[in-house]
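*Asks:* Please read through the structure below; I'll follow up with questions.
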Amino acid sequence: MKVGLFGLLGAGNSGNDGSLEAVLAYLRADHPDAELSCLCSGPEVVAARYGVPAVQLYWYYARDRRPSLPARVVLKTVGKFRDSVGVLRWVRRQDVVIVPGTGVLESTLPIRAWGFPFSMFQLCLFGRITGTKVALVNIGANVIRQPVLRFLYRAAARLAHYRSFRDAMSRDAMREMGVDTSADGVHPDLVFALPVPPGSVDGGTVGVGVMDFHGSTDDRGRAEEIHRSYVDSVRRFVRWLVDEGRRVRLFTGDEADQTVVREIMDDVRAHRPGLDPSTVVNEPTVTLGELMRQMAAVDVVVATRYHNVVCALKLAKPTVSISYSAKSDRIMAKMGLEEFCQDARTIDVDGLIEQFTAVERRAGQIRPMLAERSAERAAGLEHQYTVLSAALFPPDLRRAS
């Protein structure tokens with residue numbers, strides 16, 4: 001069996017790559033003879049880090065782009081044609097293509113319809129044309145209002161051979177958009193299948209996960225205003241932590257987040273010039289494994305990116321979510337922490353301090369609850385893998401149960 005993996009993988013987003021890592025572990029354990037390949041936005045990283053042959057999804061972005069507007073228009077037009085041909089040729093060589101988790105049917109972050117959404121549509125369409133089974137595995141979705149984006153995502157979902165969702169909210173969103181989801185399962189986020197790294201807690205340290213946040217696709221007109229409000233609020237919160245005698249470790253989930261890290265570090269140095277440099281630190285991570293190893297050492301986590309929040313919950317860390325979409329609120333509620341959420345667009349810093357103080361005070365009750373629920377979600381993914389193998393692989397190529 002030739003099994004392809006598809007998505008915005010290897011491009012600097014640790015949550016996307018963590019989902020890939022979980023699916024690769026499943027394939028190598030349950031289908032060790034499968035011939036793997038990847039069509040993605042960061043093929044060099046995927047090949048080097050995960051040992052999977054990979055090719056570039058986007059021809060234009062893999063080349064030096066000329067500064068003149070006419071040249072860019074021509075190159076992008078040529079690139080779209082080359083990309084379409086490349087997706088078709090790659091898909092027809094596969095028996096199965098898996099899209100591993102992530103919010104591939106979401107508009108919770110700024111996205112252009114003719115970028116990745118169009119590629120998703122092509123993937124599923126070409127799968128139908130060539131007879132290749134396309135599986136959207138434990139994906140996230142939301143109700144789309146923009147007509148073109150809505151059409152592309154709805155069509156992609158309908159054309160896929162198999163779908164499962166990482167929460168009921170995502171499945172309900174697809175149903176609301178006219179997709180028959182009656183046969184679609186809901187399973188935990190794939191990241192819950194990743195191994196928990198060993199580590200000891202460095203008492204008094206708070207993990208703060210930051211994000212280069214500009215709102216959603218619907219917020220484009222207010223993007224800069226939202227960004228400034230978010231960064232200013234997080235800077236105020238970090239200064240409060242420092243003034244309370246806490247050490248702070250800054251976490252990210254994407255290479256773009258380092259711009260926010262630098263703003264926070266500069267702000268601390270400017271407002272607290274005599275502060276020991278070790279009080280606020282950031283050691284960039286590129287995988288969720290590296291992130292979780294650092295996160296294992298903190299007492300409490302306050303985070304924005306969805307997979308920062310998921311990793312904190314998986315590690316049974318008392319957590320406050322600065323949520324940029326309903327998916328973060330939903331996972332917090334599922335884990336029993338629904339009262340510890342803030343809206344990333346309108347952070348109430350005083351309220352955030354109150355939530356942090358409360359979650360820290362109740363840490364003794366929260367940790368065992370999170371550990372139990374995290375273990376349940378990891379076990380639930382074993383069932384997902386059994387269902388997935390039955391949907392995609394012939395009986396003689398499945399692991400004996």
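Every chain in the structure tokens has a letter given in the order shown (A, B, ...), and although residue numbers restart at 1 in each chain, ligands are simply numbered from 1 in the order shown.
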Compile the contact shell of Phe213 of chain A as JSON, numbers by chain: residues with an atom at most 10 Å away, counting only C-alpha atoms, same-chain residues fewer than 5 positions apart removed.

*Replies:* {"A": [109, 110, 223, 224, 226, 227, 228, 229, 230, 231, 256, 257, 260, 304, 305, 324, 344, 345]}

*Asks:* Excluding Arg262 of chain A and any residue of its chain fewer than 5 positions from it, enumerate the residues within 12 Å of it, using only C-alpha atoms, and give them as a ChimeraX atom specification.

*Replies:* /A:210-212,231,235,250-252,256-257,267-269,280-284

*Asks:* Any chance you could export the current selection's N, CA and C atoms as a PDB file, in the first residue's frame?

*Replies:*
ATOM      1  N   VAL A 210       2.532  32.207  23.817  1.00  0.00           N
ATOM      2  CA  VAL A 210       2.143  33.399  23.072  1.00  0.00           C
ATOM      3  C   VAL A 210       1.954  33.065  21.597  1.00  0.00           C
ATOM      4  N   MET A 211       1.339  34.015  20.894  1.00  0.00           N
ATOM      5  CA  MET A 211       0.962  33.775  19.501  1.00  0.00           C
ATOM      6  C   MET A 211       1.017  35.089  18.726  1.00  0.00           C
ATOM      7  N   ASP A 212       1.424  35.003  17.485  1.00  0.00           N
ATOM      8  CA  ASP A 212       1.375  36.162  16.598  1.00  0.00           C
ATOM      9  C   ASP A 212      -0.064  36.294  16.099  1.00  0.00           C
ATOM     10  N   VAL A 231      -1.091  41.774  22.298  1.00  0.00           N
ATOM     11  CA  VAL A 231       0.301  41.854  22.755  1.00  0.00           C
ATOM     12  C   VAL A 231       0.407  42.718  24.003  1.00  0.00           C
ATOM     13  N   ARG A 235       1.817  41.418  27.613  1.00  0.00           N
ATOM     14  CA  ARG A 235       2.962  42.094  28.240  1.00  0.00           C
ATOM     15  C   ARG A 235       2.625  42.518  29.672  1.00  0.00           C
ATOM     16  N   LEU A 250       8.472  31.458  28.250  1.00  0.00           N
ATOM     17  CA  LEU A 250       7.602  31.756  27.122  1.00  0.00           C
ATOM     18  C   LEU A 250       7.612  30.598  26.131  1.00  0.00           C
ATOM     19  N   PHE A 251       6.412  30.185  25.715  1.00  0.00           N
ATOM     20  CA  PHE A 251       6.252  29.111  24.732  1.00  0.00           C
ATOM     21  C   PHE A 251       5.679  29.675  23.439  1.00  0.00           C
ATOM     22  N   THR A 252       5.981  29.013  22.333  1.00  0.00           N
ATOM     23  CA  THR A 252       5.408  29.364  21.032  1.00  0.00           C
ATOM     24  C   THR A 252       4.891  28.089  20.367  1.00  0.00           C
ATOM     25  N   ALA A 256       6.439  32.239  13.493  1.00  0.00           N
ATOM     26  CA  ALA A 256       5.982  33.632  13.483  1.00  0.00           C
ATOM     27  C   ALA A 256       5.809  34.196  14.888  1.00  0.00           C
ATOM     28  N   ASP A 257       5.617  33.333  15.883  1.00  0.00           N
ATOM     29  CA  ASP A 257       5.369  33.794  17.248  1.00  0.00           C
ATOM     30  C   ASP A 257       6.590  34.445  17.889  1.00  0.00           C
ATOM     31  N   ASP A 267       9.907  44.480  26.442  1.00  0.00           N
ATOM     32  CA  ASP A 267       9.065  45.201  27.400  1.00  0.00           C
ATOM     33  C   ASP A 267       9.531  44.956  28.828  1.00  0.00           C
ATOM     34  N   VAL A 268       9.856  43.720  29.153  1.00  0.00           N
ATOM     35  CA  VAL A 268      10.332  43.404  30.503  1.00  0.00           C
ATOM     36  C   VAL A 268      11.646  44.118  30.792  1.00  0.00           C
ATOM     37  N   ARG A 269      12.553  44.101  29.835  1.00  0.00           N
ATOM     38  CA  ARG A 269      13.839  44.775  30.041  1.00  0.00           C
ATOM     39  C   ARG A 269      13.659  46.282  30.217  1.00  0.00           C
ATOM     40  N   VAL A 280      12.748  35.747  32.944  1.00  0.00           N
ATOM     41  CA  VAL A 280      11.882  35.525  31.781  1.00  0.00           C
ATOM     42  C   VAL A 280      12.744  34.945  30.672  1.00  0.00           C
ATOM     43  N   VAL A 281      12.440  33.721  30.260  1.00  0.00           N
ATOM     44  CA  VAL A 281      13.273  33.040  29.272  1.00  0.00           C
ATOM     45  C   VAL A 281      12.414  32.474  28.147  1.00  0.00           C
ATOM     46  N   ASN A 282      13.061  32.268  27.027  1.00  0.00           N
ATOM     47  CA  ASN A 282      12.447  31.579  25.889  1.00  0.00           C
ATOM     48  C   ASN A 282      13.521  30.781  25.182  1.00  0.00           C
ATOM     49  N   GLU A 283      13.284  29.486  25.060  1.00  0.00           N
ATOM     50  CA  GLU A 283      14.159  28.608  24.297  1.00  0.00           C
ATOM     51  C   GLU A 283      13.316  28.050  23.161  1.00  0.00           C
ATOM     52  N   PRO A 284      13.495  28.537  21.940  1.00  0.00           N
ATOM     53  CA  PRO A 284      12.634  28.135  20.825  1.00  0.00           C
ATOM     54  C   PRO A 284      12.560  26.617  20.662  1.00  0.00           C
TER      55      PRO A 284
END

*Asks:* Could you find all residues in segment 55-272 of chain A that DSSP calls strand (DSSP E or B) from the backbone, and write them as an MDAnalysis selection string?

*Replies:* chainID A and resid 55:56 96:100 105 133:139 141 162:165 185:186 205:209 247:251 254

*Asks:* For segment 327-338 of chain A, list every protein, DNA or RNA residue within 7 Å, evaluated using only C-alpha atoms, and leave out those in the same chain fewer than 6 positions away; present the list as a VMD selection string.

*Replies:* chain A and resid 306 321 370 373

*Asks:* Just want the 10 Å neighbourhood of segment 80-83 of chain A, counted on only C-alpha atoms, with same-chain residues fewer than 2 positions away dropped. Output as a PyMOL selection string.

*Replies:* chain A and resi 56-60+75-78+85-89+114-115+118-119+122

*Asks:* Near segment 138-152 of chain A, counting only C-alpha atoms, which residues have an atom at most 8 Å away, once you skip same-chain residues fewer than 2 positions from it, shown as an MDAnalysis selection string?

*Replies:* chainID A and resid 100:108 112:113 117:118 120:121 136 154:156 163:167 169:171 173:174 176:177 186:190

*Asks:* Taking N, CA and C atoms for each residue, export the selection above as a CSV table (one decimal), in the first residue's frame.

*Replies:*
chain,number,residue,atom,x,y,z
A,100,PRO,N,-3.6,14.6,8.3
A,100,PRO,CA,-3.5,14.3,9.7
A,100,PRO,C,-3.9,15.4,10.6
A,101,GLY,N,-5.1,15.4,11.1
A,101,GLY,CA,-5.6,16.3,12.1
A,101,GLY,C,-5.5,17.8,11.7
A,102,THR,N,-5.3,18.7,12.6
A,102,THR,CA,-5.2,20.1,12.5
A,102,THR,C,-6.6,20.7,12.0
A,103,GLY,N,-6.6,22.0,12.0
A,103,GLY,CA,-7.9,22.7,11.6
A,103,GLY,C,-8.0,23.0,10.1
A,104,VAL,N,-7.9,21.9,9.3
A,104,VAL,CA,-7.9,22.0,7.9
A,104,VAL,C,-9.2,22.5,7.2
A,105,LEU,N,-10.3,22.5,8.0
A,105,LEU,CA,-11.5,23.1,7.5
A,105,LEU,C,-12.0,24.2,8.4
A,106,GLU,N,-11.0,25.0,8.9
A,106,GLU,CA,-11.3,26.2,9.7
A,106,GLU,C,-10.9,27.5,9.1
A,107,SER,N,-11.6,28.6,9.6
A,107,SER,CA,-11.2,29.9,9.2
A,107,SER,C,-10.9,30.7,10.4
A,108,THR,N,-10.5,30.1,11.5
A,108,THR,CA,-10.3,30.8,12.8
A,108,THR,C,-9.0,31.6,12.8
A,112,ARG,N,-6.6,32.6,2.9
A,112,ARG,CA,-7.1,33.0,1.6
A,112,ARG,C,-7.7,31.8,0.9
A,113,ALA,N,-8.9,31.9,0.3
A,113,ALA,CA,-9.6,30.8,-0.3
A,113,ALA,C,-8.7,30.1,-1.4
A,117,PRO,N,-7.1,26.2,1.2
A,117,PRO,CA,-8.4,25.6,0.9
A,117,PRO,C,-8.6,25.1,-0.5
A,118,PHE,N,-8.1,25.8,-1.5
A,118,PHE,CA,-8.2,25.3,-2.8
A,118,PHE,C,-7.4,24.0,-3.0
A,120,MET,N,-6.9,21.8,-0.7
A,120,MET,CA,-7.7,20.8,0.0
A,120,MET,C,-8.8,20.3,-1.0
A,121,PHE,N,-9.4,21.2,-1.6
A,121,PHE,CA,-10.5,20.9,-2.6
A,121,PHE,C,-9.9,20.0,-3.7
A,136,LEU,N,-9.7,12.4,6.0
A,136,LEU,CA,-9.6,13.6,6.8
A,136,LEU,C,-9.7,13.1,8.2
A,154,ARG,N,-16.7,22.8,1.9
A,154,ARG,CA,-17.8,21.9,1.9
A,154,ARG,C,-17.6,20.8,0.8
A,155,ALA,N,-17.2,21.3,-0.3
A,155,ALA,CA,-16.9,20.3,-1.4
A,155,ALA,C,-15.8,19.3,-1.0
A,156,ALA,N,-14.7,19.8,-0.4
A,156,ALA,CA,-13.7,18.9,0.0
A,156,ALA,C,-14.2,17.9,1.0
A,163,ARG,N,-14.0,10.7,6.9
A,163,ARG,CA,-13.9,11.9,7.8
A,163,ARG,C,-14.0,11.5,9.2
A,164,SER,N,-13.2,12.1,10.1
A,164,SER,CA,-13.5,12.1,11.5
A,164,SER,C,-13.1,13.5,12.1
A,165,PHE,N,-13.7,13.8,13.2
A,165,PHE,CA,-13.5,15.2,13.8
A,165,PHE,C,-12.9,15.1,15.2
A,166,ARG,N,-12.2,16.2,15.6
A,166,ARG,CA,-11.6,16.1,16.9
A,166,ARG,C,-12.5,16.7,18.0
A,167,ASP,N,-13.7,17.1,17.6
A,167,ASP,CA,-14.7,17.5,18.6
A,167,ASP,C,-16.1,17.6,17.9
A,169,MET,N,-18.2,19.9,18.0
A,169,MET,CA,-18.4,21.2,17.5
A,169,MET,C,-18.0,21.3,16.0
A,170,SER,N,-16.9,20.6,15.7
A,170,SER,CA,-16.4,20.6,14.3
A,170,SER,C,-17.4,19.8,13.4
A,171,ARG,N,-17.8,18.7,13.9
A,171,ARG,CA,-18.8,17.8,13.1
A,171,ARG,C,-20.1,18.6,12.9
A,173,ALA,N,-20.4,21.8,12.8
A,173,ALA,CA,-20.2,22.9,11.8
A,173,ALA,C,-20.4,22.4,10.4
A,174,MET,N,-19.8,21.2,10.1
A,174,MET,CA,-19.9,20.6,8.8
A,174,MET,C,-21.3,20.3,8.5
A,176,GLU,N,-24.0,21.8,9.6
A,176,GLU,CA,-24.7,23.1,9.4
A,176,GLU,C,-24.4,23.6,8.0
A,177,MET,N,-23.2,23.3,7.4
A,177,MET,CA,-22.9,23.7,6.1
A,177,MET,C,-23.4,22.8,5.0
A,186,VAL,N,-16.3,11.2,16.1
A,186,VAL,CA,-15.6,12.2,16.9
A,186,VAL,C,-14.6,11.5,17.8
A,187,HIS,N,-13.4,11.9,17.7
A,187,HIS,CA,-12.3,11.3,18.4
A,187,HIS,C,-11.4,12.3,19.0
A,188,PRO,N,-10.6,12.0,20.0
A,188,PRO,CA,-9.7,13.1,20.6
A,188,PRO,C,-8.7,13.6,19.6
A,189,ASP,N,-8.2,14.8,19.9
A,189,ASP,CA,-7.1,15.4,19.1
A,189,ASP,C,-5.9,14.4,19.1
A,190,LEU,N,-5.3,14.3,17.9
A,190,LEU,CA,-4.2,13.3,17.7
A,190,LEU,C,-3.1,13.5,18.6

*Asks:* Taking 4 positions as the minimum chain separation for residues in the same chain, which residues sit within 7 Å of Ala363 of chain A when counting only C-alpha atoms? Answer as a VMD selection string.

*Replies:* chain A and resid 318 359 367

*Asks:* Could the residues in this selection be written to a file with C-alpha atoms, as a PDB file, in the first residue's frame?

*Replies:*
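Below is the file part_39.pdb, written as the result:
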ATOM      1  CA  PRO A 318      -3.387  23.699  35.656  1.00  0.00           C
ATOM      2  CA  VAL A 359      -6.297  27.768  38.962  1.00  0.00           C
ATOM      3  CA  ARG A 367      -3.813  17.838  38.290  1.00  0.00           C
TER       4      ARG A 367
END

*Asks:* Could you pull the residues within 9 Å of Leu388 of chain A, counting only C-alpha atoms, minus those fewer than 6 positions along the same chain, as a PyMOL selection string?

*Replies:* chain A and resi 135+137+162

*Asks:* Write the selection just made, keeping C-alpha atoms, as a JSON list (two decimals), in the first residue's frame?

*Replies:*
[["chain", "number", "residue", "atom", "x", "y", "z"],
["A", 135, "ALA", "CA", -9.08, 10.46, 4.71],
["A", 137, "VAL", "CA", -8.52, 12.30, 10.22],
["A", 162, "TYR", "CA", -13.37, 9.17, 5.19]]

*Asks:* Which residues in segment 288-372 of chain A does DSSP call alpha helix (DSSP H)? List them as a CSV table (one decimal) with C-alpha atoms, in the first residue's frame.

*Replies:*
chain,number,residue,atom,x,y,z
A,288,LEU,CA,5.7,19.3,20.3
A,289,GLY,CA,8.0,16.9,22.0
A,290,GLU,CA,10.5,19.7,22.7
A,291,LEU,CA,7.6,22.0,23.8
A,292,MET,CA,6.3,19.4,26.3
A,293,ARG,CA,9.7,18.7,27.7
A,294,GLN,CA,10.0,22.4,28.6
A,295,MET,CA,6.3,22.6,29.7
A,306,TYR,CA,-4.7,25.6,20.6
A,307,HIS,CA,-1.9,22.9,20.7
A,308,ASN,CA,-0.1,24.8,23.5
A,309,VAL,CA,-3.3,24.4,25.5
A,310,VAL,CA,-3.7,20.7,24.5
A,311,CYS,CA,-0.1,19.9,25.5
A,312,ALA,CA,-0.6,21.6,28.9
A,313,LEU,CA,-3.8,19.6,29.5
A,314,LYS,CA,-2.1,16.4,28.4
A,326,ALA,CA,-14.3,28.1,20.3
A,327,LYS,CA,-12.2,24.9,19.9
A,328,SER,CA,-10.0,26.0,22.8
A,329,ASP,CA,-13.0,26.7,25.0
A,330,ARG,CA,-14.4,23.3,24.0
A,331,ILE,CA,-11.3,21.3,24.9
A,332,MET,CA,-11.0,23.2,28.2
A,333,ALA,CA,-14.7,22.4,29.0
A,334,LYS,CA,-14.1,18.7,28.1
A,349,VAL,CA,-5.9,41.4,32.3
A,350,ASP,CA,-7.4,41.8,35.8
A,351,GLY,CA,-9.7,38.9,35.1
A,352,LEU,CA,-6.8,36.9,33.8
A,353,ILE,CA,-4.9,37.5,37.0
A,354,GLU,CA,-7.9,36.3,39.0
A,355,GLN,CA,-8.2,33.1,36.9
A,356,PHE,CA,-4.5,32.4,37.2
A,357,THR,CA,-4.7,32.8,40.9
A,358,ALA,CA,-7.7,30.5,41.2
A,359,VAL,CA,-6.3,27.8,39.0
A,360,GLU,CA,-3.0,27.9,40.9
A,361,ARG,CA,-4.8,27.6,44.2
A,363,ALA,CA,-3.8,22.9,41.4
A,364,GLY,CA,-4.0,19.9,43.9
A,365,GLN,CA,-7.5,19.0,42.6
A,366,ILE,CA,-6.9,19.9,39.0
A,367,ARG,CA,-3.8,17.8,38.3
A,368,PRO,CA,-5.3,14.4,39.0
A,369,MET,CA,-8.5,15.3,37.1
A,370,LEU,CA,-6.5,16.3,34.1
A,371,ALA,CA,-4.3,13.2,34.3
A,372,GLU,CA,-7.3,10.9,34.3

*Asks:* What separation in Å, quoted to one decimal, exists between atom CA of Val45 of chain A and atom CA of Ser84 of chain A?

*Replies:*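 Between these atoms lies a distance of 22.4 Å.
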
*Asks:* So how far away is atom CA of Arg239 of chain A from atom CA of Gln258 of chain A, in Å?

*Replies:* 18.2 Å

*Asks:* Enter the distance from atom CA of Arg93 of chain A to atom CA of Val3 of chain A, in Å, rounded to one decimal.

*Replies:*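 Here the two named atoms are 9.1 Å from each other.
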